[in-house]
Amino acid sequence: MQFIVNGQAHVADPDIRASLLDVLRDHLGLTGTKKGCDHGQCGACTVLVNGRRINACLTLAVMHQDDEITTIEGLADGDRLHPMQAAFIRHDGFQCGYCTPGQIMSAVGMLAEVAAGMASHASDNLDSVTLTEAEISERMSGNLCRCSAYPNIVDAIAEVAQLGPAA
């Protein structure tokens with residue numbers, strides 16, 4: 001199977017029943033995507049597939065032949081962190097850090113979903129996205145944090161949402 005991960009083509013020959021999560025971690029060595037519950041309930045395995053956030057543990061790798069997959073390792077531009085990564089650091093949006101890659105990937109995908117929804121309304125201003133804390137929490141409800149860093153996670157997401165879609 002061929003995968004385009006973080007902008008680079010990768011070839012892997014996993015079992016046809018392998019999840020995307022297992023292929024990313026075990027065959028491609030991209031261990032930033034975490035295996036939490038392996039049932040799609042915690043969000044630790046969140047990645048972007050063609051720009052949309054998905055739980056990598058719930059999808060077969062074979063379903064994503066030639067898709068554009070972005071993992072936490074692909075967000076930064078060299079040494080320059082993605083704005084969401086930088087905001088998580090500024091707002092201390094993590095404690096143990098296990099859920100952090102999934103939280104960041106889900107947040108990036110969620111803001112893209114919101115921006116796409118706003119784009120469908122021509123009269124909306126796309127310079128920034130104003131979301132309430134409750135809206136952010138609801139949109140991120142599929143990502144759990146055992147350490148309860150939720151207020152800081154929400155603050156980090158809110159900051160990046162204010163920066164606008166170019167972030």
# chains A, B, ... in the order shown; residues from 1 in each chain; ligands from 1
>>> residues_around(residues="Gly97 (chain A)", least_positions_apart="4", cutoff="12 Å", atoms="only C-alpha atoms", output="short mmCIF file (atom, residue, chain, number, x, y, z; two decimals) with C-alpha atoms, in the first residue's frame")
data_model
loop_
_atom_site.label_atom_id
_atom_site.label_comp_id
_atom_site.auth_asym_id
_atom_site.auth_seq_id
_atom_site.Cartn_x
_atom_site.Cartn_y
_atom_site.Cartn_z
CA GLY A 32 3.49 10.65 17.80
CA THR A 33 -0.01 9.34 17.11
CA LYS A 34 -0.93 7.53 20.32
CA ALA A 44 -5.43 10.07 21.27
CA PHE A 88 -0.50 24.57 23.58
CA ILE A 89 2.96 25.36 24.95
CA ASP A 92 0.32 24.83 29.21
CA GLY A 93 -2.34 22.77 27.41
CA PRO A 101 -0.89 14.99 19.81
CA GLY A 102 -4.51 13.90 19.38
CA GLN A 103 -5.79 17.09 21.02
CA ILE A 104 -3.67 19.26 18.71
CA LEU A 144 -10.24 13.03 26.43
CA CYS A 145 -7.56 14.27 28.81
CA ARG A 146 -7.05 12.14 31.89
CA CYS A 147 -5.11 14.95 33.57
CA SER A 148 -8.00 17.42 33.09
CA ALA A 149 -6.00 20.13 31.32
CA ILE A 153 -6.55 23.31 26.00
#
>>> residues_around(residues="Arg139 (chain A)", least_positions_apart="4", cutoff="9 Å", atoms="only C-alpha atoms", output="JSON, numbers by chain")
{"A": [107, 110, 134, 135]}
>>> residues_around(residues="Ala18 (chain A)", least_positions_apart="5", cutoff="10 Å", atoms="only C-alpha atoms", output="MDAnalysis selection string")
chainID A and resid 13 23 57 59:62
>>> residues_around(residues="Asn50 (chain A)", least_positions_apart="2", cutoff="9 Å", atoms="only C-alpha atoms", output="PyMOL selection string")
chain A and resi 48+52-53+67-70
>>> residues_around(residues="Val108 (chain A)", least_positions_apart="3", cutoff="10 Å", atoms="only C-alpha atoms", output="PyMOL selection string")
chain A and resi 47-48+51-53+75+82-85+102-105+111-113+157+160-161+165+167
>>> atom_distance(atom1="CA of His91 (chain A)", atom2="CA of Lys35 (chain A)")
24.6 Å
>>> select_by_dssp(residues="region 68-150 of chain A", states="alpha helix (DSSP H)", output="ChimeraX atom specification")
/A:83-90,100-119,133-139,150
>>> write_last_selection(atoms="N, CA, C and O atoms", output="compact mmCIF listing (two decimals), in the first residue's frame")
# COMPACT_ATOMS: atom_id res chain seq x y z
N PRO A 83 1.04 27.00 14.68
CA PRO A 83 0.47 27.89 15.69
C PRO A 83 -0.27 27.15 16.82
O PRO A 83 -0.21 27.59 17.97
N MET A 84 -0.91 26.03 16.50
CA MET A 84 -1.62 25.29 17.55
C MET A 84 -0.62 24.65 18.52
O MET A 84 -0.84 24.65 19.74
N GLN A 85 0.48 24.12 18.00
CA GLN A 85 1.50 23.55 18.88
C GLN A 85 2.07 24.63 19.80
O GLN A 85 2.24 24.41 21.00
N ALA A 86 2.37 25.78 19.23
CA ALA A 86 2.92 26.89 20.01
C ALA A 86 1.93 27.37 21.06
O ALA A 86 2.31 27.66 22.20
N ALA A 87 0.65 27.42 20.71
CA ALA A 87 -0.38 27.86 21.66
C ALA A 87 -0.52 26.86 22.81
O ALA A 87 -0.71 27.26 23.97
N PHE A 88 -0.43 25.57 22.52
CA PHE A 88 -0.50 24.57 23.58
C PHE A 88 0.65 24.77 24.57
O PHE A 88 0.46 24.63 25.78
N ILE A 89 1.82 25.11 24.07
CA ILE A 89 2.96 25.36 24.95
C ILE A 89 2.72 26.63 25.77
O ILE A 89 2.89 26.63 26.99
N ARG A 90 2.32 27.70 25.10
CA ARG A 90 2.08 28.98 25.81
C ARG A 90 1.03 28.84 26.90
O ARG A 90 1.13 29.46 27.96
N THR A 100 -1.88 14.87 24.07
CA THR A 100 -1.58 16.14 23.39
C THR A 100 -1.54 16.04 21.87
O THR A 100 -2.16 16.88 21.20
N PRO A 101 -0.88 15.05 21.27
CA PRO A 101 -0.89 14.99 19.81
C PRO A 101 -2.32 14.88 19.23
O PRO A 101 -2.65 15.58 18.28
N GLY A 102 -3.13 14.04 19.85
CA GLY A 102 -4.51 13.90 19.38
C GLY A 102 -5.32 15.16 19.60
O GLY A 102 -6.14 15.56 18.76
N GLN A 103 -5.10 15.83 20.74
CA GLN A 103 -5.79 17.09 21.02
C GLN A 103 -5.42 18.14 19.97
O GLN A 103 -6.29 18.83 19.43
N ILE A 104 -4.14 18.25 19.67
CA ILE A 104 -3.67 19.26 18.71
C ILE A 104 -4.23 18.95 17.32
O ILE A 104 -4.74 19.84 16.63
N MET A 105 -4.12 17.70 16.90
CA MET A 105 -4.62 17.33 15.56
C MET A 105 -6.12 17.56 15.46
O MET A 105 -6.62 18.06 14.45
N SER A 106 -6.85 17.20 16.50
CA SER A 106 -8.29 17.42 16.49
C SER A 106 -8.62 18.90 16.46
O SER A 106 -9.54 19.33 15.74
N ALA A 107 -7.88 19.70 17.21
CA ALA A 107 -8.13 21.15 17.23
C ALA A 107 -7.88 21.77 15.86
O ALA A 107 -8.67 22.59 15.38
N VAL A 108 -6.79 21.37 15.20
CA VAL A 108 -6.49 21.88 13.86
C VAL A 108 -7.61 21.49 12.89
O VAL A 108 -8.10 22.32 12.12
N GLY A 109 -8.03 20.23 12.95
CA GLY A 109 -9.11 19.77 12.08
C GLY A 109 -10.43 20.45 12.38
O GLY A 109 -11.18 20.82 11.48
N MET A 110 -10.71 20.65 13.66
CA MET A 110 -11.96 21.29 14.06
C MET A 110 -12.03 22.72 13.56
O MET A 110 -13.06 23.16 13.02
N LEU A 111 -10.93 23.47 13.69
CA LEU A 111 -10.95 24.85 13.20
C LEU A 111 -11.09 24.90 11.68
O LEU A 111 -11.74 25.81 11.15
N ALA A 112 -10.52 23.92 10.99
CA ALA A 112 -10.70 23.85 9.54
C ALA A 112 -12.16 23.57 9.19
O ALA A 112 -12.71 24.13 8.24
N GLU A 113 -12.81 22.70 9.97
CA GLU A 113 -14.24 22.41 9.76
C GLU A 113 -15.08 23.66 9.97
O GLU A 113 -15.99 23.94 9.19
N VAL A 114 -14.78 24.41 11.03
CA VAL A 114 -15.53 25.64 11.31
C VAL A 114 -15.32 26.64 10.18
O VAL A 114 -16.28 27.25 9.70
N ALA A 115 -14.08 26.80 9.74
CA ALA A 115 -13.80 27.74 8.65
C ALA A 115 -14.51 27.33 7.37
O ALA A 115 -15.04 28.18 6.65
N ALA A 116 -14.53 26.02 7.09
CA ALA A 116 -15.23 25.54 5.89
C ALA A 116 -16.73 25.80 5.99
O ALA A 116 -17.36 26.19 5.01
N GLY A 117 -17.27 25.64 7.18
CA GLY A 117 -18.68 25.93 7.38
C GLY A 117 -19.00 27.39 7.21
O GLY A 117 -20.02 27.77 6.64
N MET A 118 -18.08 28.23 7.66
CA MET A 118 -18.27 29.68 7.51
C MET A 118 -18.12 30.09 6.05
O MET A 118 -18.81 30.99 5.59
N ALA A 119 -17.23 29.42 5.32
CA ALA A 119 -17.01 29.76 3.91
C ALA A 119 -18.26 29.51 3.09
O ALA A 119 -18.47 30.16 2.06
N GLU A 133 -16.17 29.18 24.77
CA GLU A 133 -15.54 28.05 25.45
C GLU A 133 -16.42 26.82 25.35
O GLU A 133 -15.93 25.71 25.16
N ALA A 134 -17.73 27.01 25.49
CA ALA A 134 -18.67 25.88 25.41
C ALA A 134 -18.65 25.24 24.02
O ALA A 134 -18.70 24.02 23.89
N GLU A 135 -18.57 26.08 22.97
CA GLU A 135 -18.52 25.54 21.60
C GLU A 135 -17.24 24.75 21.37
O GLU A 135 -17.26 23.67 20.77
N ILE A 136 -16.13 25.29 21.84
CA ILE A 136 -14.86 24.58 21.68
C ILE A 136 -14.92 23.26 22.42
O ILE A 136 -14.55 22.21 21.87
N SER A 137 -15.39 23.28 23.64
CA SER A 137 -15.50 22.05 24.43
C SER A 137 -16.37 21.02 23.74
O SER A 137 -16.02 19.83 23.69
N GLU A 138 -17.49 21.45 23.21
CA GLU A 138 -18.40 20.53 22.52
C GLU A 138 -17.74 19.95 21.27
O GLU A 138 -17.81 18.76 21.01
N ARG A 139 -17.11 20.80 20.49
CA ARG A 139 -16.47 20.34 19.24
C ARG A 139 -15.26 19.44 19.52
O ARG A 139 -14.86 18.68 18.65
N TYR A 150 -8.23 20.57 30.48
CA TYR A 150 -9.22 21.15 29.56
C TYR A 150 -9.24 22.67 29.51
O TYR A 150 -9.30 23.23 28.41
>>> select_by_dssp(residues="chain A", states="strand (DSSP E or B)", output="MDAnalysis selection string")
chainID A and resid 2:5 8:11 19 46:49 52:55 60 68:70 77 80
>>> closest_residue(among="A:Gln2, A:Gln95, A:Ser19, A:Gln162", to="Asn55 (chain A)", atoms="only C-alpha atoms")
A:Ser19
>>> atom_distance(atom1="CA of His64 (chain A)", atom2="CA of Ile4 (chain A)")
9.2 Å
>>> atom_distance(atom1="CA of Thr71 (chain A)", atom2="CA of Thr132 (chain A)")
26.7 Å
